[in-house]
Each structure stands twice: as structure tokens, then as C-alpha cells.
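The file protein.pdb contains PDB, C-alpha atoms:
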ATOM      1  CA  MET J   1      89.696 101.473 106.853  1.00  0.00           C
ATOM      2  CA  ILE J   2      91.246 104.938 106.416  1.00  0.00           C
ATOM      3  CA  VAL J   3      92.893 105.711 103.074  1.00  0.00           C
ATOM      4  CA  ARG J   4      95.049 108.760 102.380  1.00  0.00           C
ATOM      5  CA  ILE J   5      95.294 110.130  98.867  1.00  0.00           C
ATOM      6  CA  MET J   6      98.508 112.109  98.758  1.00  0.00           C
ATOM      7  CA  GLY J   7      97.830 115.805  98.286  1.00  0.00           C
ATOM      8  CA  GLU J   8      94.078 115.419  98.877  1.00  0.00           C
ATOM      9  CA  GLY J   9      93.329 114.079 102.336  1.00  0.00           C
ATOM     10  CA  GLN J  10      91.840 111.051 104.030  1.00  0.00           C
ATOM     11  CA  VAL J  11      88.794 108.959 103.192  1.00  0.00           C
ATOM     12  CA  LYS J  12      87.014 106.388 105.354  1.00  0.00           C
ATOM     13  CA  LEU J  13      86.121 103.202 103.451  1.00  0.00           C
ATOM     14  CA  ASP J  14      84.159 100.160 104.494  1.00  0.00           C
ATOM     15  CA  ASP J  15      86.299  97.021 104.396  1.00  0.00           C
ATOM     16  CA  ALA J  16      83.728  95.466 102.041  1.00  0.00           C
ATOM     17  CA  HIS J  17      85.215  97.557  99.206  1.00  0.00           C
ATOM     18  CA  PHE J  18      88.632  95.942  99.568  1.00  0.00           C
ATOM     19  CA  ILE J  19      87.976  93.343  96.835  1.00  0.00           C
ATOM     20  CA  GLU J  20      87.017  95.946  94.226  1.00  0.00           C
ATOM     21  CA  LEU J  21      90.004  98.143  95.056  1.00  0.00           C
ATOM     22  CA  ASN J  22      92.378  95.176  95.087  1.00  0.00           C
ATOM     23  CA  LYS J  23      91.357  94.301  91.496  1.00  0.00           C
ATOM     24  CA  LEU J  24      92.295  97.809  90.374  1.00  0.00           C
ATOM     25  CA  ASP J  25      95.565  97.547  92.309  1.00  0.00           C
ATOM     26  CA  ASP J  26      96.386  94.292  90.487  1.00  0.00           C
ATOM     27  CA  GLU J  27      95.707  95.982  87.125  1.00  0.00           C
ATOM     28  CA  LEU J  28      97.888  98.925  88.120  1.00  0.00           C
ATOM     29  CA  LEU J  29     100.764  96.604  89.048  1.00  0.00           C
ATOM     30  CA  ALA J  30     100.521  94.758  85.725  1.00  0.00           C
ATOM     31  CA  GLU J  31     100.587  98.034  83.793  1.00  0.00           C
ATOM     32  CA  MET J  32     103.559  99.266  85.781  1.00  0.00           C
ATOM     33  CA  GLU J  33     105.471  96.048  85.172  1.00  0.00           C
ATOM     34  CA  SER J  34     104.826  96.268  81.430  1.00  0.00           C
ATOM     35  CA  GLY J  35     105.609 100.000  81.319  1.00  0.00           C
ATOM     36  CA  ASP J  36     102.127 100.796  79.976  1.00  0.00           C
ATOM     37  CA  GLU J  37     101.995 104.515  80.765  1.00  0.00           C
ATOM     38  CA  ALA J  38      98.506 105.034  79.278  1.00  0.00           C
ATOM     39  CA  GLY J  39      97.117 102.036  81.152  1.00  0.00           C
ATOM     40  CA  PHE J  40      98.836 103.193  84.346  1.00  0.00           C
ATOM     41  CA  ARG J  41      97.224 106.648  84.077  1.00  0.00           C
ATOM     42  CA  ARG J  42      93.795 105.163  83.357  1.00  0.00           C
ATOM     43  CA  THR J  43      93.913 102.630  86.194  1.00  0.00           C
ATOM     44  CA  LEU J  44      95.377 105.028  88.756  1.00  0.00           C
ATOM     45  CA  GLY J  45      92.532 107.420  87.934  1.00  0.00           C
ATOM     46  CA  ALA J  46      89.986 104.600  88.284  1.00  0.00           C
ATOM     47  CA  LEU J  47      91.474 103.528  91.631  1.00  0.00           C
ATOM     48  CA  LEU J  48      91.394 107.056  93.019  1.00  0.00           C
ATOM     49  CA  ASP J  49      87.885 107.674  91.645  1.00  0.00           C
ATOM     50  CA  SER J  50      86.680 104.469  93.315  1.00  0.00           C
ATOM     51  CA  VAL J  51      88.138 105.487  96.672  1.00  0.00           C
ATOM     52  CA  ARG J  52      86.491 108.909  96.390  1.00  0.00           C
ATOM     53  CA  ARG J  53      83.154 107.427  95.250  1.00  0.00           C
ATOM     54  CA  LEU J  54      82.970 104.614  97.811  1.00  0.00           C
ATOM     55  CA  GLY J  55      84.427 106.478 100.771  1.00  0.00           C
ATOM     56  CA  THR J  56      83.490 109.312 103.046  1.00  0.00           C
ATOM     57  CA  PRO J  57      85.989 112.192 103.202  1.00  0.00           C
ATOM     58  CA  LEU J  58      87.312 112.976 106.665  1.00  0.00           C
ATOM     59  CA  PRO J  59      87.521 116.622 107.747  1.00  0.00           C
ATOM     60  CA  ASP J  60      90.702 118.397 106.646  1.00  0.00           C
ATOM     61  CA  ASP J  61      91.771 118.878 110.276  1.00  0.00           C
ATOM     62  CA  SER J  62      91.407 115.143 111.043  1.00  0.00           C
ATOM     63  CA  LEU J  63      94.609 113.104 111.288  1.00  0.00           C
ATOM     64  CA  GLU J  64      93.686 109.446 111.593  1.00  0.00           C
ATOM     65  CA  PRO J  65      96.236 106.658 111.077  1.00  0.00           C
ATOM     66  CA  SER J  66      95.965 105.611 107.421  1.00  0.00           C
ATOM     67  CA  ALA J  67      95.857 101.915 106.565  1.00  0.00           C
ATOM     68  CA  LEU J  68      96.698 102.780 102.946  1.00  0.00           C
ATOM     69  CA  ILE J  69      98.456 105.689 101.287  1.00  0.00           C
ATOM     70  CA  LEU J  70      97.734 106.164  97.590  1.00  0.00           C
ATOM     71  CA  PRO J  71      99.576 108.460  95.211  1.00  0.00           C
ATOM     72  CA  GLY J  72      97.854 111.570  93.954  1.00  0.00           C
ATOM     73  CA  PRO J  73      96.455 111.691  90.415  1.00  0.00           C
ATOM     74  CA  ASP J  74      99.514 113.505  89.054  1.00  0.00           C
ATOM     75  CA  ALA J  75     102.046 110.967  90.343  1.00  0.00           C
ATOM     76  CA  SER J  76     104.388 109.612  87.703  1.00  0.00           C
ATOM     77  CA  LEU J  77     104.889 105.928  87.010  1.00  0.00           C
ATOM     78  CA  ALA J  78     108.408 106.230  88.467  1.00  0.00           C
ATOM     79  CA  GLU J  79     107.122 107.863  91.668  1.00  0.00           C
ATOM     80  CA  VAL J  80     104.527 105.161  92.174  1.00  0.00           C
ATOM     81  CA  ARG J  81     107.106 102.425  91.567  1.00  0.00           C
ATOM     82  CA  GLU J  82     109.048 103.847  94.512  1.00  0.00           C
ATOM     83  CA  MET J  83     105.947 103.638  96.728  1.00  0.00           C
ATOM     84  CA  LEU J  84     105.236 100.014  95.967  1.00  0.00           C
ATOM     85  CA  SER J  85     106.223  96.992  97.944  1.00  0.00           C
ATOM     86  CA  ASP J  86     105.870  93.455  96.598  1.00  0.00           C
ATOM     87  CA  ASP J  87     102.203  93.556  97.652  1.00  0.00           C
ATOM     88  CA  GLY J  88     101.226  96.658  95.667  1.00  0.00           C
ATOM     89  CA  LEU J  89      99.423  99.670  96.990  1.00  0.00           C
ATOM     90  CA  ILE J  90      96.772  97.591  98.699  1.00  0.00           C
ATOM     91  CA  PRO J  91      98.164  94.809 100.920  1.00  0.00           C
ATOM     92  CA  GLY J  92      96.662  91.436 100.003  1.00  0.00           C
TER      93      GLY J  92
END
The structure given in the file should be rewritten as C-alpha cells.
Amino acid sequence: MIVRIMGEGQVKLDDAHFIELNKLDDELLAEMESGDEAGFRRTLGALLDSVRRLGTPLPDDSLEPSALILPGPDASLAEVREMLSDDGLIPG
């Protein structure tokens, strides 16, 4: 699976990591729904760190179709709310 982190680039992830990332996505959704800004910041950082840690960065000149597009680390809660569908950042 190819994941794009906005403002950073693309990362190739093994599908086996989907469960771990989906748990973080669920936490992020709960924090957004409750308006927990501190929790949102913490969990967004953890989600992005996990993608970076578990994945392999693609070259900057590579443009593969992305299965997922994640907000960058500086995205606001309001910006991320606009990105979300009913399924969250990671389709379930």
C-alpha cells in the first residue's frame, strides 16, 4: 500500500501494518469528535511516526497512486476534519 503524507512524500507500507494504523486512526477520530486538541496532536503525531517507521520512503521523483493520504504534522484539527469521510483517514 502507498501512503502519502501531505507535504512530505510517499511511503510504501506492507498491508500487514493496516491493523496497527487503523487503531491509531480510531483514536484520532474519537479525539476529533470530542474536540480533544492535545489528544489529536499526540495521536496524529503517533500515526505519522508509525507510517514513517514501518514504511519505506519512495524517491521524491516517484508519483505512485496513493491508497491513503494523511495530513502533515502541522495540520489543524479543522483541516483534518475536512479531509475525513465517515470511515476516517484509513478506510476500514
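Nearest to Asp49 (chain J) of all the residues J:Gly9, J:Glu27, J:Ala16, J:Pro73 is J:Pro73, based on all atoms listed in the file.
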Specify as an MDAnalysis selection string each residue included when the PyMOL selection byres ((chain J and resi 67-72) around 7) is applied to this file. chainID J and resid 1:7 65:66 73:75 80 89:90
Quick one: write out the picked residues with C-alpha atoms as a compact mmCIF listing (two decimals), in the coordinates of the input?
# COMPACT_ATOMS: atom_id res chain seq x y z
CA MET J 1 89.70 101.47 106.85
CA ILE J 2 91.25 104.94 106.42
CA VAL J 3 92.89 105.71 103.07
CA ARG J 4 95.05 108.76 102.38
CA ILE J 5 95.29 110.13 98.87
CA MET J 6 98.51 112.11 98.76
CA GLY J 7 97.83 115.80 98.29
CA PRO J 65 96.24 106.66 111.08
CA SER J 66 95.96 105.61 107.42
CA PRO J 73 96.46 111.69 90.42
CA ASP J 74 99.51 113.50 89.05
CA ALA J 75 102.05 110.97 90.34
CA VAL J 80 104.53 105.16 92.17
CA LEU J 89 99.42 99.67 96.99
CA ILE J 90 96.77 97.59 98.70
Between CA of Ala46 (chain J) and CA of Asp15 (chain J), what is the distance, to one decimal in Å? 18.2 Å
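Shortest atom-to-atom contact with Asp25 (chain J) among J:Thr43, J:Gln10, J:Ser76, J:Ser62: J:Thr43, counting all atoms listed in the file.
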For Phe40 (chain J), list every protein, DNA or RNA residue within 9 Å, evaluated using only C-alpha atoms, and leave out those in the same chain fewer than 2 positions away; present the list as JSON, numbers by chain. {"J": [27, 28, 29, 30, 31, 32, 35, 36, 37, 38, 42, 43, 44, 45, 77]}
Would you please work out which residue, of J:Arg41, J:Val11, J:Leu47, J:Pro57, is nearest to Lys23 (chain J) when using all atoms listed in the file? J:Leu47
Rounded to one decimal in Å, what is the spacing between CA of Gly39 (chain J) and CA of Leu24 (chain J)? 11.2 Å
Among the residues J:Glu82, J:Asp26, J:Asp14, J:Glu33, the one that comes closest to Gly55 (chain J) [using all atoms listed in the file]: J:Asp14
For CA of Arg81 (chain J) and CA of Asp61 (chain J), quote the distance in Å rounded to one decimal. 29.3 Å
Please determine an axis-aligned box that encloses all atoms of region 62-69 of chain J listed in the file, with 6 Å added on each side, and express its centre and edge lengths in Å to one decimal as JSON.
{"center_x": 94.9, "center_y": 108.5, "center_z": 106.4, "size_x": 19.0, "size_y": 25.2, "size_z": 22.3}
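You can rank J:Ile19, J:Leu63, J:Ser34, J:Ala78 by their closest distance to Ser50 (chain J) using all atoms listed in the file, and at the top of that list sits J:Ile19.
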Of the candidates J:Glu79, J:Leu54, J:Asp60, J:Glu20, which one gets nearest to Glu8 (chain J) if we count only C-alpha atoms? J:Asp60
How about completing region 68-79 of chain J with all heavy atoms and giving it to me as a PDB file, in the frame of the given file?
ATOM      1  N   LEU J  68      96.149 102.733 104.297  1.00  0.00           N
ATOM      2  CA  LEU J  68      96.698 102.780 102.946  1.00  0.00           C
ATOM      3  C   LEU J  68      97.027 104.207 102.578  1.00  0.00           C
ATOM      4  O   LEU J  68      96.310 105.130 102.944  1.00  0.00           O
ATOM      5  CB  LEU J  68      95.678 102.253 101.927  1.00  0.00           C
ATOM      6  CG  LEU J  68      95.122 100.864 102.150  1.00  0.00           C
ATOM      7  CD1 LEU J  68      93.986 100.611 101.183  1.00  0.00           C
ATOM      8  CD2 LEU J  68      96.209  99.834 101.971  1.00  0.00           C
ATOM      9  N   ILE J  69      98.098 104.375 101.833  1.00  0.00           N
ATOM     10  CA  ILE J  69      98.456 105.689 101.287  1.00  0.00           C
ATOM     11  C   ILE J  69      98.576 105.516  99.784  1.00  0.00           C
ATOM     12  O   ILE J  69      99.379 104.714  99.305  1.00  0.00           O
ATOM     13  CB  ILE J  69      99.763 106.221 101.890  1.00  0.00           C
ATOM     14  CG1 ILE J  69      99.611 106.363 103.400  1.00  0.00           C
ATOM     15  CG2 ILE J  69     100.133 107.554 101.243  1.00  0.00           C
ATOM     16  CD1 ILE J  69     100.868 106.768 104.129  1.00  0.00           C
ATOM     17  N   LEU J  70      97.739 106.238  99.049  1.00  0.00           N
ATOM     18  CA  LEU J  70      97.734 106.164  97.590  1.00  0.00           C
ATOM     19  C   LEU J  70      98.356 107.413  97.001  1.00  0.00           C
ATOM     20  O   LEU J  70      98.215 108.503  97.561  1.00  0.00           O
ATOM     21  CB  LEU J  70      96.296 106.019  97.080  1.00  0.00           C
ATOM     22  CG  LEU J  70      95.535 104.782  97.554  1.00  0.00           C
ATOM     23  CD1 LEU J  70      94.114 104.811  97.034  1.00  0.00           C
ATOM     24  CD2 LEU J  70      96.245 103.516  97.108  1.00  0.00           C
ATOM     25  N   PRO J  71      98.999 107.281  95.865  1.00  0.00           N
ATOM     26  CA  PRO J  71      99.576 108.460  95.211  1.00  0.00           C
ATOM     27  C   PRO J  71      98.467 109.370  94.699  1.00  0.00           C
ATOM     28  O   PRO J  71      97.344 108.925  94.446  1.00  0.00           O
ATOM     29  CB  PRO J  71     100.375 107.865  94.052  1.00  0.00           C
ATOM     30  CG  PRO J  71      99.710 106.562  93.764  1.00  0.00           C
ATOM     31  CD  PRO J  71      99.206 106.061  95.086  1.00  0.00           C
ATOM     32  N   GLY J  72      98.799 110.634  94.539  1.00  0.00           N
ATOM     33  CA  GLY J  72      97.854 111.570  93.954  1.00  0.00           C
ATOM     34  C   GLY J  72      97.715 111.328  92.461  1.00  0.00           C
ATOM     35  O   GLY J  72      98.507 110.589  91.854  1.00  0.00           O
ATOM     36  N   PRO J  73      96.733 111.944  91.830  1.00  0.00           N
ATOM     37  CA  PRO J  73      96.455 111.691  90.415  1.00  0.00           C
ATOM     38  C   PRO J  73      97.574 112.129  89.473  1.00  0.00           C
ATOM     39  O   PRO J  73      97.653 111.637  88.349  1.00  0.00           O
ATOM     40  CB  PRO J  73      95.171 112.471  90.157  1.00  0.00           C
ATOM     41  CG  PRO J  73      95.098 113.479  91.244  1.00  0.00           C
ATOM     42  CD  PRO J  73      95.806 112.891  92.418  1.00  0.00           C
ATOM     43  N   ASP J  74      98.436 113.013  89.913  1.00  0.00           N
ATOM     44  CA  ASP J  74      99.514 113.505  89.054  1.00  0.00           C
ATOM     45  C   ASP J  74     100.831 112.762  89.251  1.00  0.00           C
ATOM     46  O   ASP J  74     101.841 113.118  88.643  1.00  0.00           O
ATOM     47  CB  ASP J  74      99.734 115.000  89.294  1.00  0.00           C
ATOM     48  CG  ASP J  74      98.523 115.826  88.910  1.00  0.00           C
ATOM     49  OD1 ASP J  74      97.783 115.409  87.988  1.00  0.00           O
ATOM     50  OD2 ASP J  74      98.294 116.881  89.526  1.00  0.00           O
ATOM     51  N   ALA J  75     100.816 111.722  90.085  1.00  0.00           N
ATOM     52  CA  ALA J  75     102.046 110.967  90.343  1.00  0.00           C
ATOM     53  C   ALA J  75     102.523 110.275  89.069  1.00  0.00           C
ATOM     54  O   ALA J  75     101.726 109.767  88.287  1.00  0.00           O
ATOM     55  CB  ALA J  75     101.816 109.930  91.439  1.00  0.00           C
ATOM     56  N   SER J  76     103.821 110.271  88.878  1.00  0.00           N
ATOM     57  CA  SER J  76     104.388 109.612  87.703  1.00  0.00           C
ATOM     58  C   SER J  76     104.528 108.114  87.961  1.00  0.00           C
ATOM     59  O   SER J  76     104.516 107.659  89.110  1.00  0.00           O
ATOM     60  CB  SER J  76     105.763 110.196  87.377  1.00  0.00           C
ATOM     61  OG  SER J  76     106.708 109.781  88.347  1.00  0.00           O
ATOM     62  N   LEU J  77     104.680 107.367  86.898  1.00  0.00           N
ATOM     63  CA  LEU J  77     104.889 105.928  87.010  1.00  0.00           C
ATOM     64  C   LEU J  77     106.122 105.650  87.868  1.00  0.00           C
ATOM     65  O   LEU J  77     106.106 104.778  88.736  1.00  0.00           O
ATOM     66  CB  LEU J  77     105.028 105.313  85.613  1.00  0.00           C
ATOM     67  CG  LEU J  77     104.959 103.809  85.577  1.00  0.00           C
ATOM     68  CD1 LEU J  77     103.959 103.363  84.509  1.00  0.00           C
ATOM     69  CD2 LEU J  77     106.294 103.222  85.267  1.00  0.00           C
ATOM     70  N   ALA J  78     107.178 106.415  87.682  1.00  0.00           N
ATOM     71  CA  ALA J  78     108.408 106.230  88.467  1.00  0.00           C
ATOM     72  C   ALA J  78     108.175 106.502  89.948  1.00  0.00           C
ATOM     73  O   ALA J  78     108.675 105.766  90.807  1.00  0.00           O
ATOM     74  CB  ALA J  78     109.515 107.126  87.924  1.00  0.00           C
ATOM     75  N   GLU J  79     107.410 107.542  90.266  1.00  0.00           N
ATOM     76  CA  GLU J  79     107.122 107.863  91.668  1.00  0.00           C
ATOM     77  C   GLU J  79     106.313 106.749  92.331  1.00  0.00           C
ATOM     78  O   GLU J  79     106.580 106.372  93.471  1.00  0.00           O
ATOM     79  CB  GLU J  79     106.354 109.179  91.769  1.00  0.00           C
ATOM     80  CG  GLU J  79     107.174 110.390  91.421  1.00  0.00           C
ATOM     81  CD  GLU J  79     106.344 111.645  91.268  1.00  0.00           C
ATOM     82  OE1 GLU J  79     105.150 111.575  90.922  1.00  0.00           O
ATOM     83  OE2 GLU J  79     106.916 112.730  91.489  1.00  0.00           O
TER      84      GLU J  79
END
